[in-house]
Amino acid sequence: MIEPCSANDKSLTLEYLERRYGIAQDLLADFEFYASANGRVILGPKLIDPCLSPDTAGLLIARIGNTVKPSTNLLQAFGALVTRNFVTLERENAVRYIKGLDLEVTATEIGDTTEGYVLLKYLAFPLGCGLMQGTHIKNMLPKAKRVDIKFL
Amino acid sequence: MSVDTRARDRYTPPAMTLEVPAAFAERYAPLVDDAPAFFEAMLTPLPKSFRINTLKATVETIAPRFAEYGIGIKQTAWYSNAFVSDNPALGSTLEHFLGAIYVQELTSMLPPLLVKSELQSATTVLDACAAPGSKTTQLSALMNNRGTIVANDVEYERIKPLKFNLERSGTLNAVVTNYDLRSFPQMLFDVALLDAPCTSEGIFRKNPRQIMSWSPKRIAPSAYRQKQLILRTFDLLADGGTLIYSTCTFAPEENEAVIDYLLNERPAELEQVDIPNFRLMPGITKWQDQTFDERVRMTARVLPHHNDTGGFFLARIKK
């Protein structure tokens, strides 16, 4: 079940996305923010008829706990708009990421990306979310999305 | 009749001979233009097909990638975003992982195409039997993520794959609901798709062995349910709204008879079904001892041997 997102959680999410990834707040203006269980923030259509009891809507984009945790859905859907805090992976690491494995990356790959949740890319393709600590990237790809990719 | 499928199998050739049940052949031979070609197609596996998800990619970005992979793909003449491929590895590509392509049967792409122009201005769209989400994600792409699509399915266990596919495709404008359509809350939609649960005779090509277990006994209960569903979906349509009714079966009881029932029960109008560069047969107006409203000719039958697809039925209805 979903309900309208609180103004506080909406602005927390928008500010985080702009500060951390450079996603301008007005780029999400065509959509509405909703809340679901356990701090989940959903980006969905502007209008949902009040007579409906939706199971869900739109995309789960983040989870708010002690901090904001972006979802792979968000980073895949809006990856082209991300201007900072992304890591471009070599082919071998891209295969490992999609398989669900953690990664070790080089200082060159990291560049000026800061520790925390990062967008992982292969070429220009936004693969999903990882948690970077030093040169280690913890895989945050949901289990259901993990596959043994053959062609990339 | 029997057909040796070994020569035409696209995948791993099964060393067996399949046969169309005699009752199936007897029932459907009078309905088609070329019965031997129809039955041969029914026993031949479907080509793999996919749609480019224009929320994430374009033909120009996808085609070179598949060329690099050495995966042969062929664009269809009737929908620029639809492709067929002999390669069964489509699901192992980066583009599939990213949701840039959606593995989808060609006939399943037809209902959203029939409302392409309406979707440009539609604010509310109902996909009445939405799981697993092929048509919902296509609707969303055609709407460029604008407006609101209510993606409903009565079966709770089918909601999970529906949600997964919506997420993978980057669909932002869908609302997922789990109603029995007959008790769906009263609201009005500009466009509605009713891809009704049916006896699925048209998709036997997915696994041609299924035809061996075909039985006409399933048709009557399915048709009974479809009549209830089409009335309810029509009642959820705003004045001037458009409803696309479709099934993946050949049985006239589940197709023309359902449309005839709607025309008798509600002030519905039919519009001609037409898809440029795609061969269709008009709906029939006589079946066994039944005669249908003449307007039912405006509906369309998709026969497997005409476009190398599954079998399908389409009706375009206005309120």
# chains A, B, ... in the order shown; residues from 1 in each chain; ligands from 1
>>> residues_around(residues="Val68 in chain A", least_positions_apart="5", cutoff="9 Å", atoms="only C-alpha atoms", output="list in words")
Leu12, Thr13, Tyr16, Ala62 and Arg63 of chain A
>>> interface_residues(of="chain B", to="chain A", cutoff="9 Å", atoms="only C-alpha atoms", output="VMD selection string")
chain B and resid 55 to 56 65 to 66 69 89 to 95 97 to 98 123 to 124 145 to 150 159 163 to 164 166 to 178 184 to 187
>>> closest_residue(among="B:Asp235, B:Asp127, B:Glu271, B:Glu294", to="Glu256 in chain B", atoms="only C-alpha atoms")
B:Glu294
>>> residues_around(residues="range 308-311 of chain B", least_positions_apart="5", cutoff="6 Å", atoms="only C-alpha atoms", output="mmCIF file with C-alpha atoms, in the first residue's frame")
data_model
loop_
_atom_site.group_PDB
_atom_site.id
_atom_site.type_symbol
_atom_site.label_atom_id
_atom_site.label_comp_id
_atom_site.auth_asym_id
_atom_site.auth_seq_id
_atom_site.Cartn_x
_atom_site.Cartn_y
_atom_site.Cartn_z
ATOM 1 C CA GLY B 202 -3.197 -19.014 -30.447
ATOM 2 C CA ILE B 203 -0.081 -19.488 -28.356
ATOM 3 C CA CYS B 248 -4.989 -15.158 -28.046
ATOM 4 C CA VAL B 302 -4.673 -12.879 -36.707
ATOM 5 C CA LEU B 303 -3.753 -16.230 -38.232
#
>>> select_by_dssp(residues="range 5-137 of chain A", states="helix (DSSP H, G or I)", output="tab-separated table (two decimals) with all heavy atoms, in the first residue's frame")
chain	number	residue	atom	x	y	z
A	7	ALA	N	6.13	16.02	3.21
A	7	ALA	CA	6.91	17.09	2.57
A	7	ALA	C	8.37	16.97	2.97
A	7	ALA	O	9.28	17.23	2.18
A	7	ALA	CB	6.34	18.45	2.97
A	8	ASN	N	8.60	16.56	4.23
A	8	ASN	CA	9.98	16.44	4.73
A	8	ASN	C	10.75	15.36	3.97
A	8	ASN	O	11.88	15.57	3.52
A	8	ASN	CB	9.93	16.12	6.22
A	8	ASN	CG	11.32	16.17	6.83
A	8	ASN	OD1	12.06	17.12	6.59
A	8	ASN	ND2	11.67	15.14	7.58
A	9	ASP	N	10.14	14.18	3.81
A	9	ASP	CA	10.82	13.08	3.11
A	9	ASP	C	11.03	13.42	1.63
A	9	ASP	O	12.04	13.05	1.04
A	9	ASP	CB	10.02	11.78	3.23
A	9	ASP	CG	10.20	11.14	4.61
A	9	ASP	OD1	11.00	11.69	5.41
A	9	ASP	OD2	9.55	10.12	4.87
A	10	LYS	N	10.06	14.09	1.05
A	10	LYS	CA	10.18	14.47	-0.36
A	10	LYS	C	11.37	15.43	-0.55
A	10	LYS	O	12.22	15.23	-1.43
A	10	LYS	CB	8.88	15.13	-0.84
A	10	LYS	CG	8.94	15.60	-2.28
A	10	LYS	CD	7.62	16.20	-2.72
A	10	LYS	CE	7.76	16.80	-4.12
A	10	LYS	NZ	6.50	17.36	-4.61
A	11	SER	N	11.45	16.44	0.33
A	11	SER	CA	12.54	17.41	0.14
A	11	SER	C	13.89	16.78	0.51
A	11	SER	O	14.90	17.06	-0.13
A	11	SER	CB	12.28	18.70	0.91
A	11	SER	OG	12.47	18.51	2.27
A	12	LEU	N	13.89	15.87	1.50
A	12	LEU	CA	15.14	15.15	1.83
A	12	LEU	C	15.66	14.39	0.61
A	12	LEU	O	16.85	14.43	0.29
A	12	LEU	CB	14.83	14.12	2.92
A	12	LEU	CG	15.39	14.29	4.32
A	12	LEU	CD1	14.91	13.16	5.21
A	12	LEU	CD2	16.90	14.39	4.31
A	13	THR	N	14.74	13.69	-0.06
A	13	THR	CA	15.12	12.87	-1.22
A	13	THR	C	15.59	13.75	-2.37
A	13	THR	O	16.64	13.50	-2.97
A	13	THR	CB	13.92	12.01	-1.68
A	13	THR	OG1	13.42	11.30	-0.55
A	13	THR	CG2	14.34	11.01	-2.74
A	14	LEU	N	14.82	14.79	-2.67
A	14	LEU	CA	15.18	15.67	-3.78
A	14	LEU	C	16.53	16.34	-3.55
A	14	LEU	O	17.38	16.41	-4.45
A	14	LEU	CB	14.09	16.74	-3.96
A	14	LEU	CG	12.84	16.30	-4.71
A	14	LEU	CD1	11.75	17.35	-4.60
A	14	LEU	CD2	13.15	16.03	-6.18
A	15	GLU	N	16.74	16.82	-2.32
A	15	GLU	CA	18.01	17.49	-2.01
A	15	GLU	C	19.17	16.51	-2.11
A	15	GLU	O	20.24	16.85	-2.62
A	15	GLU	CB	17.95	18.10	-0.60
A	15	GLU	CG	17.14	19.39	-0.55
A	15	GLU	CD	16.76	19.78	0.86
A	15	GLU	OE1	17.37	19.26	1.82
A	15	GLU	OE2	15.82	20.61	1.00
A	16	TYR	N	18.95	15.29	-1.63
A	16	TYR	CA	20.01	14.27	-1.70
A	16	TYR	C	20.38	13.97	-3.16
A	16	TYR	O	21.56	13.91	-3.51
A	16	TYR	CB	19.53	13.00	-1.00
A	16	TYR	CG	20.47	11.82	-1.18
A	16	TYR	CD1	21.60	11.67	-0.38
A	16	TYR	CD2	20.24	10.87	-2.19
A	16	TYR	CE1	22.46	10.59	-0.56
A	16	TYR	CE2	21.09	9.80	-2.37
A	16	TYR	CZ	22.20	9.66	-1.55
A	16	TYR	OH	23.06	8.60	-1.74
A	17	LEU	N	19.36	13.79	-3.99
A	17	LEU	CA	19.63	13.43	-5.39
A	17	LEU	C	20.39	14.55	-6.11
A	17	LEU	O	21.28	14.30	-6.91
A	17	LEU	CB	18.32	13.13	-6.13
A	17	LEU	CG	17.55	11.89	-5.63
A	17	LEU	CD1	16.26	11.72	-6.41
A	17	LEU	CD2	18.41	10.64	-5.74
A	18	GLU	N	20.06	15.78	-5.76
A	18	GLU	CA	20.75	16.90	-6.40
A	18	GLU	C	22.18	17.04	-5.87
A	18	GLU	O	23.12	17.18	-6.65
A	18	GLU	CB	19.97	18.19	-6.16
A	18	GLU	CG	20.59	19.38	-6.88
A	18	GLU	CD	19.59	20.48	-7.16
A	18	GLU	OE1	18.67	20.68	-6.34
A	18	GLU	OE2	19.73	21.16	-8.21
A	19	ARG	N	22.31	16.94	-4.55
A	19	ARG	CA	23.63	17.13	-3.93
A	19	ARG	C	24.59	16.00	-4.34
A	19	ARG	O	25.71	16.23	-4.73
A	19	ARG	CB	23.45	17.15	-2.41
A	19	ARG	CG	24.71	17.55	-1.63
A	19	ARG	CD	24.43	17.63	-0.14
A	19	ARG	NE	24.05	16.33	0.44
A	19	ARG	CZ	22.85	16.03	0.90
A	19	ARG	NH1	21.87	16.91	0.85
A	19	ARG	NH2	22.60	14.83	1.42
A	20	ARG	N	24.09	14.77	-4.25
A	20	ARG	CA	24.99	13.63	-4.45
A	20	ARG	C	25.22	13.30	-5.93
A	20	ARG	O	26.32	12.94	-6.32
A	20	ARG	CB	24.40	12.40	-3.73
A	20	ARG	CG	25.21	11.12	-3.93
A	20	ARG	CD	25.99	10.74	-2.70
A	20	ARG	NE	26.85	9.58	-2.95
A	20	ARG	CZ	28.14	9.54	-2.72
A	20	ARG	NH1	28.76	10.59	-2.18
A	20	ARG	NH2	28.85	8.47	-2.99
A	21	TYR	N	24.16	13.41	-6.76
A	21	TYR	CA	24.27	12.95	-8.15
A	21	TYR	C	24.09	14.07	-9.18
A	21	TYR	O	24.22	13.80	-10.38
A	21	TYR	CB	23.25	11.85	-8.42
A	21	TYR	CG	23.41	10.66	-7.50
A	21	TYR	CD1	22.50	10.41	-6.48
A	21	TYR	CD2	24.51	9.82	-7.62
A	21	TYR	CE1	22.67	9.34	-5.62
A	21	TYR	CE2	24.70	8.75	-6.75
A	21	TYR	CZ	23.76	8.52	-5.76
A	21	TYR	OH	23.94	7.47	-4.90
A	25	GLN	N	16.33	19.14	-9.26
A	25	GLN	CA	15.02	18.83	-8.66
A	25	GLN	C	13.87	18.99	-9.66
A	25	GLN	O	12.91	18.23	-9.63
A	25	GLN	CB	14.79	19.71	-7.43
A	25	GLN	CG	15.85	19.47	-6.36
A	25	GLN	CD	15.51	20.10	-5.02
A	25	GLN	OE1	14.37	20.45	-4.77
A	25	GLN	NE2	16.51	20.24	-4.17
A	26	ASP	N	13.99	19.98	-10.55
A	26	ASP	CA	12.86	20.21	-11.47
A	26	ASP	C	12.72	19.11	-12.52
A	26	ASP	O	11.69	19.00	-13.18
A	26	ASP	CB	12.97	21.59	-12.14
A	26	ASP	CG	14.24	21.73	-12.94
A	26	ASP	OD1	15.13	20.84	-12.83
A	26	ASP	OD2	14.36	22.71	-13.70
A	27	LEU	N	13.73	18.25	-12.67
A	27	LEU	CA	13.63	17.16	-13.64
A	27	LEU	C	12.62	16.09	-13.20
A	27	LEU	O	12.18	15.27	-14.00
A	27	LEU	CB	15.00	16.51	-13.86
A	27	LEU	CG	16.02	17.41	-14.56
A	27	LEU	CD1	17.39	16.75	-14.58
A	27	LEU	CD2	15.57	17.72	-15.98
A	28	LEU	N	12.28	16.11	-11.92
A	28	LEU	CA	11.31	15.13	-11.42
A	28	LEU	C	9.93	15.76	-11.21
A	28	LEU	O	9.04	15.14	-10.63
A	28	LEU	CB	11.81	14.51	-10.10
A	28	LEU	CG	13.22	13.88	-10.15
A	28	LEU	CD1	13.57	13.28	-8.79
A	28	LEU	CD2	13.30	12.80	-11.22
A	37	ALA	N	5.91	1.27	3.07
A	37	ALA	CA	6.41	0.78	4.37
A	37	ALA	C	7.93	0.92	4.48
A	37	ALA	O	8.65	0.95	3.49
A	37	ALA	CB	6.02	-0.69	4.52
A	38	ASN	N	8.42	1.01	5.71
A	38	ASN	CA	9.85	1.03	6.03
A	38	ASN	C	10.63	2.14	5.32
A	38	ASN	O	11.74	1.92	4.85
A	38	ASN	CB	10.49	-0.34	5.68
A	38	ASN	CG	9.83	-1.47	6.45
A	38	ASN	OD1	9.50	-1.30	7.63
A	38	ASN	ND2	9.60	-2.59	5.79
A	39	GLY	N	10.04	3.31	5.24
A	39	GLY	CA	10.76	4.47	4.71
A	39	GLY	C	10.94	4.46	3.21
A	39	GLY	O	11.75	5.23	2.68
A	72	THR	N	18.46	0.91	-7.22
A	72	THR	CA	18.96	0.62	-8.56
A	72	THR	C	17.96	1.08	-9.62
A	72	THR	O	18.35	1.59	-10.67
A	72	THR	CB	19.26	-0.89	-8.68
A	72	THR	OG1	20.52	-1.13	-8.05
A	72	THR	CG2	19.35	-1.35	-10.13
A	73	ASN	N	16.65	0.95	-9.32
A	73	ASN	CA	15.63	1.44	-10.26
A	73	ASN	C	15.87	2.89	-10.61
A	73	ASN	O	15.82	3.29	-11.77
A	73	ASN	CB	14.23	1.38	-9.64
A	73	ASN	CG	13.78	-0.03	-9.34
A	73	ASN	OD1	14.18	-0.95	-10.02
A	73	ASN	ND2	12.97	-0.18	-8.31
A	74	LEU	N	16.09	3.69	-9.57
A	74	LEU	CA	16.30	5.13	-9.76
A	74	LEU	C	17.53	5.37	-10.62
A	74	LEU	O	17.49	6.14	-11.59
A	74	LEU	CB	16.48	5.81	-8.40
A	74	LEU	CG	16.98	7.25	-8.50
A	74	LEU	CD1	15.83	8.19	-8.74
A	74	LEU	CD2	17.77	7.67	-7.28
A	75	LEU	N	18.63	4.72	-10.23
A	75	LEU	CA	19.89	5.01	-10.93
A	75	LEU	C	19.88	4.47	-12.36
A	75	LEU	O	20.55	5.03	-13.23
A	75	LEU	CB	21.07	4.45	-10.12
A	75	LEU	CG	21.26	5.15	-8.76
A	75	LEU	CD1	22.40	4.50	-7.97
A	75	LEU	CD2	21.54	6.64	-8.94
A	76	GLN	N	19.12	3.41	-12.60
A	76	GLN	CA	19.00	2.94	-13.99
A	76	GLN	C	18.11	3.90	-14.80
A	76	GLN	O	18.42	4.25	-15.93
A	76	GLN	CB	18.40	1.53	-14.05
A	76	GLN	CG	19.42	0.44	-13.75
A	76	GLN	CD	18.86	-0.97	-14.02
A	76	GLN	OE1	17.68	-1.14	-14.26
A	76	GLN	NE2	19.74	-1.95	-13.96
A	77	ALA	N	16.99	4.32	-14.20
A	77	ALA	CA	16.04	5.16	-14.94
A	77	ALA	C	16.58	6.56	-15.20
A	77	ALA	O	16.32	7.15	-16.24
A	77	ALA	CB	14.70	5.22	-14.20
A	79	GLY	N	19.93	7.43	-14.77
A	79	GLY	CA	21.40	7.37	-14.85
A	79	GLY	C	22.00	8.38	-15.82
A	79	GLY	O	23.08	8.92	-15.58
A	80	ALA	N	21.28	8.66	-16.89
A	80	ALA	CA	21.82	9.59	-17.89
A	80	ALA	C	21.92	11.01	-17.33
A	80	ALA	O	22.65	11.85	-17.88
A	80	ALA	CB	20.93	9.58	-19.13
A	81	LEU	N	21.20	11.28	-16.24
A	81	LEU	CA	21.22	12.62	-15.66
A	81	LEU	C	22.26	12.76	-14.56
A	81	LEU	O	22.48	13.86	-14.05
A	81	LEU	CB	19.83	12.95	-15.05
A	81	LEU	CG	18.62	12.80	-15.99
A	81	LEU	CD1	17.33	13.03	-15.23
A	81	LEU	CD2	18.74	13.78	-17.16
A	91	ARG	N	34.96	-3.96	-18.31
A	91	ARG	CA	34.04	-5.03	-18.72
A	91	ARG	C	33.96	-6.16	-17.67
A	91	ARG	O	32.87	-6.60	-17.30
A	91	ARG	CB	34.51	-5.59	-20.06
A	91	ARG	CG	33.64	-6.67	-20.61
A	91	ARG	CD	34.29	-7.32	-21.83
A	91	ARG	NE	33.65	-8.58	-22.11
A	91	ARG	CZ	32.63	-8.73	-22.92
A	91	ARG	NH1	32.12	-7.71	-23.54
A	91	ARG	NH2	32.09	-9.93	-23.11
A	92	GLU	N	35.13	-6.59	-17.19
A	92	GLU	CA	35.15	-7.73	-16.25
A	92	GLU	C	34.38	-7.40	-14.96
A	92	GLU	O	33.61	-8.22	-14.45
A	92	GLU	CB	36.60	-8.09	-15.92
A	92	GLU	CG	36.73	-9.42	-15.20
A	92	GLU	CD	38.19	-9.69	-14.80
A	92	GLU	OE1	39.10	-9.23	-15.51
A	92	GLU	OE2	38.37	-10.33	-13.76
A	93	ASN	N	34.58	-6.19	-14.46
A	93	ASN	CA	33.86	-5.78	-13.25
A	93	ASN	C	32.36	-5.59	-13.52
A	93	ASN	O	31.53	-5.83	-12.64
A	93	ASN	CB	34.45	-4.49	-12.70
A	93	ASN	CG	35.39	-4.77	-11.52
A	93	ASN	OD1	35.39	-5.87	-10.94
A	93	ASN	ND2	36.20	-3.78	-11.17
A	94	ALA	N	32.03	-5.16	-14.73
A	94	ALA	CA	30.61	-5.00	-15.07
A	94	ALA	C	29.91	-6.36	-15.03
A	94	ALA	O	28.81	-6.50	-14.48
A	94	ALA	CB	30.47	-4.37	-16.45
A	95	VAL	N	30.58	-7.38	-15.57
A	95	VAL	CA	30.01	-8.74	-15.56
A	95	VAL	C	29.84	-9.21	-14.10
A	95	VAL	O	28.80	-9.78	-13.73
A	95	VAL	CB	30.91	-9.72	-16.34
A	95	VAL	CG1	30.42	-11.15	-16.18
A	95	VAL	CG2	30.94	-9.34	-17.81
A	96	ARG	N	30.86	-8.93	-13.29
A	96	ARG	CA	30.81	-9.35	-11.88
A	96	ARG	C	29.66	-8.64	-11.15
A	96	ARG	O	28.95	-9.24	-10.35
A	96	ARG	CB	32.14	-9.03	-11.18
A	96	ARG	CG	33.30	-9.96	-11.57
A	96	ARG	CD	34.61	-9.47	-10.96
A	96	ARG	NE	34.55	-9.35	-9.51
A	96	ARG	CZ	34.72	-10.37	-8.66
A	96	ARG	NH1	34.99	-11.57	-9.13
A	96	ARG	NH2	34.64	-10.18	-7.37
A	97	TYR	N	29.49	-7.36	-11.42
A	97	TYR	CA	28.43	-6.60	-10.76
A	97	TYR	C	27.05	-7.16	-11.10
A	97	TYR	O	26.22	-7.40	-10.22
A	97	TYR	CB	28.51	-5.12	-11.16
A	97	TYR	CG	27.36	-4.32	-10.59
A	97	TYR	CD1	27.30	-4.01	-9.23
A	97	TYR	CD2	26.30	-3.92	-11.40
A	97	TYR	CE1	26.23	-3.31	-8.70
A	97	TYR	CE2	25.23	-3.22	-10.89
A	97	TYR	CZ	25.19	-2.92	-9.53
A	97	TYR	OH	24.11	-2.25	-9.00
A	98	ILE	N	26.84	-7.41	-12.39
A	98	ILE	CA	25.52	-7.89	-12.82
A	98	ILE	C	25.25	-9.29	-12.26
A	98	ILE	O	24.12	-9.68	-12.01
A	98	ILE	CB	25.42	-7.87	-14.37
A	98	ILE	CG1	25.51	-6.43	-14.87
A	98	ILE	CG2	24.13	-8.51	-14.86
A	98	ILE	CD1	25.68	-6.28	-16.36
A	99	LYS	N	26.33	-10.02	-11.98
A	99	LYS	CA	26.20	-11.35	-11.38
A	99	LYS	C	25.89	-11.26	-9.88
A	99	LYS	O	25.48	-12.23	-9.25
A	99	LYS	CB	27.51	-12.12	-11.62
A	99	LYS	CG	27.38	-13.62	-11.51
A	99	LYS	CD	28.73	-14.29	-11.69
A	99	LYS	CE	29.04	-14.51	-13.14
A	99	LYS	NZ	30.26	-15.34	-13.34
A	107	ALA	N	42.08	3.33	-8.09
A	107	ALA	CA	41.97	4.76	-7.82
A	107	ALA	C	41.62	5.52	-9.10
A	107	ALA	O	40.89	6.52	-9.06
A	107	ALA	CB	43.29	5.27	-7.23
A	108	THR	N	42.12	5.02	-10.22
A	108	THR	CA	41.81	5.68	-11.50
A	108	THR	C	40.32	5.59	-11.79
A	108	THR	O	39.69	6.56	-12.23
A	108	THR	CB	42.59	4.99	-12.64
A	108	THR	OG1	43.94	4.81	-12.21
A	108	THR	CG2	42.54	5.80	-13.93
A	109	GLU	N	39.76	4.40	-11.58
A	109	GLU	CA	38.32	4.23	-11.83
A	109	GLU	C	37.50	5.12	-10.89
A	109	GLU	O	36.47	5.66	-11.28
A	109	GLU	CB	37.91	2.76	-11.63
A	109	GLU	CG	38.33	1.83	-12.76
A	109	GLU	CD	38.02	0.37	-12.44
A	109	GLU	OE1	38.52	-0.15	-11.42
A	109	GLU	OE2	37.28	-0.24	-13.21
A	110	ILE	N	37.99	5.27	-9.66
A	110	ILE	CA	37.23	6.04	-8.67
A	110	ILE	C	37.23	7.52	-9.01
A	110	ILE	O	36.21	8.21	-8.89
A	110	ILE	CB	37.81	5.81	-7.25
A	110	ILE	CG1	37.56	4.36	-6.83
A	110	ILE	CG2	37.20	6.78	-6.25
A	110	ILE	CD1	38.29	3.96	-5.56
>>> residues_around(residues="Ala77 in chain B", least_positions_apart="5", cutoff="10 Å", atoms="only C-alpha atoms", output="MDAnalysis selection string")
chainID B and resid 82:83 276:278
>>> residues_around(residues="Phe86 in chain A", least_positions_apart="4", cutoff="8 Å", atoms="only C-alpha atoms", output="ChimeraX atom specification")
/A:21,82,113,118-121
>>> write_last_selection(atoms="N, CA, C and O atoms", output="PDB file, in the first residue's frame")
ATOM      1  N   TYR A  21      24.157  13.412  -6.757  1.00  0.00           N
ATOM      2  CA  TYR A  21      24.272  12.953  -8.149  1.00  0.00           C
ATOM      3  C   TYR A  21      24.095  14.067  -9.183  1.00  0.00           C
ATOM      4  O   TYR A  21      24.219  13.804 -10.378  1.00  0.00           O
ATOM      5  N   VAL A  82      22.888  11.651 -14.196  1.00  0.00           N
ATOM      6  CA  VAL A  82      23.864  11.684 -13.094  1.00  0.00           C
ATOM      7  C   VAL A  82      25.172  12.301 -13.582  1.00  0.00           C
ATOM      8  O   VAL A  82      25.741  11.880 -14.584  1.00  0.00           O
ATOM      9  N   THR A 113      35.128  10.545  -7.250  1.00  0.00           N
ATOM     10  CA  THR A 113      33.912  10.030  -6.599  1.00  0.00           C
ATOM     11  C   THR A 113      34.161   9.848  -5.100  1.00  0.00           C
ATOM     12  O   THR A 113      35.213   9.346  -4.706  1.00  0.00           O
ATOM     13  N   VAL A 118      27.003   4.875  -4.910  1.00  0.00           N
ATOM     14  CA  VAL A 118      27.448   5.394  -6.205  1.00  0.00           C
ATOM     15  C   VAL A 118      26.675   4.713  -7.339  1.00  0.00           C
ATOM     16  O   VAL A 118      26.164   3.596  -7.183  1.00  0.00           O
ATOM     17  N   LEU A 119      26.629   5.410  -8.460  1.00  0.00           N
ATOM     18  CA  LEU A 119      26.093   4.794  -9.684  1.00  0.00           C
ATOM     19  C   LEU A 119      27.240   4.052 -10.358  1.00  0.00           C
ATOM     20  O   LEU A 119      28.327   4.622 -10.542  1.00  0.00           O
ATOM     21  N   LEU A 120      26.993   2.813 -10.740  1.00  0.00           N
ATOM     22  CA  LEU A 120      27.987   2.038 -11.476  1.00  0.00           C
ATOM     23  C   LEU A 120      27.572   2.004 -12.932  1.00  0.00           C
ATOM     24  O   LEU A 120      26.407   1.722 -13.249  1.00  0.00           O
ATOM     25  N   LYS A 121      28.522   2.339 -13.796  1.00  0.00           N
ATOM     26  CA  LYS A 121      28.221   2.378 -15.229  1.00  0.00           C
ATOM     27  C   LYS A 121      29.150   1.442 -15.984  1.00  0.00           C
ATOM     28  O   LYS A 121      30.256   1.138 -15.521  1.00  0.00           O
TER      29      LYS A 121
END
>>> residues_around(residues="Ile284 in chain B", least_positions_apart="4", cutoff="8 Å", atoms="only C-alpha atoms", output="PyMOL selection string")
chain B and resi 252+256+292+296-297
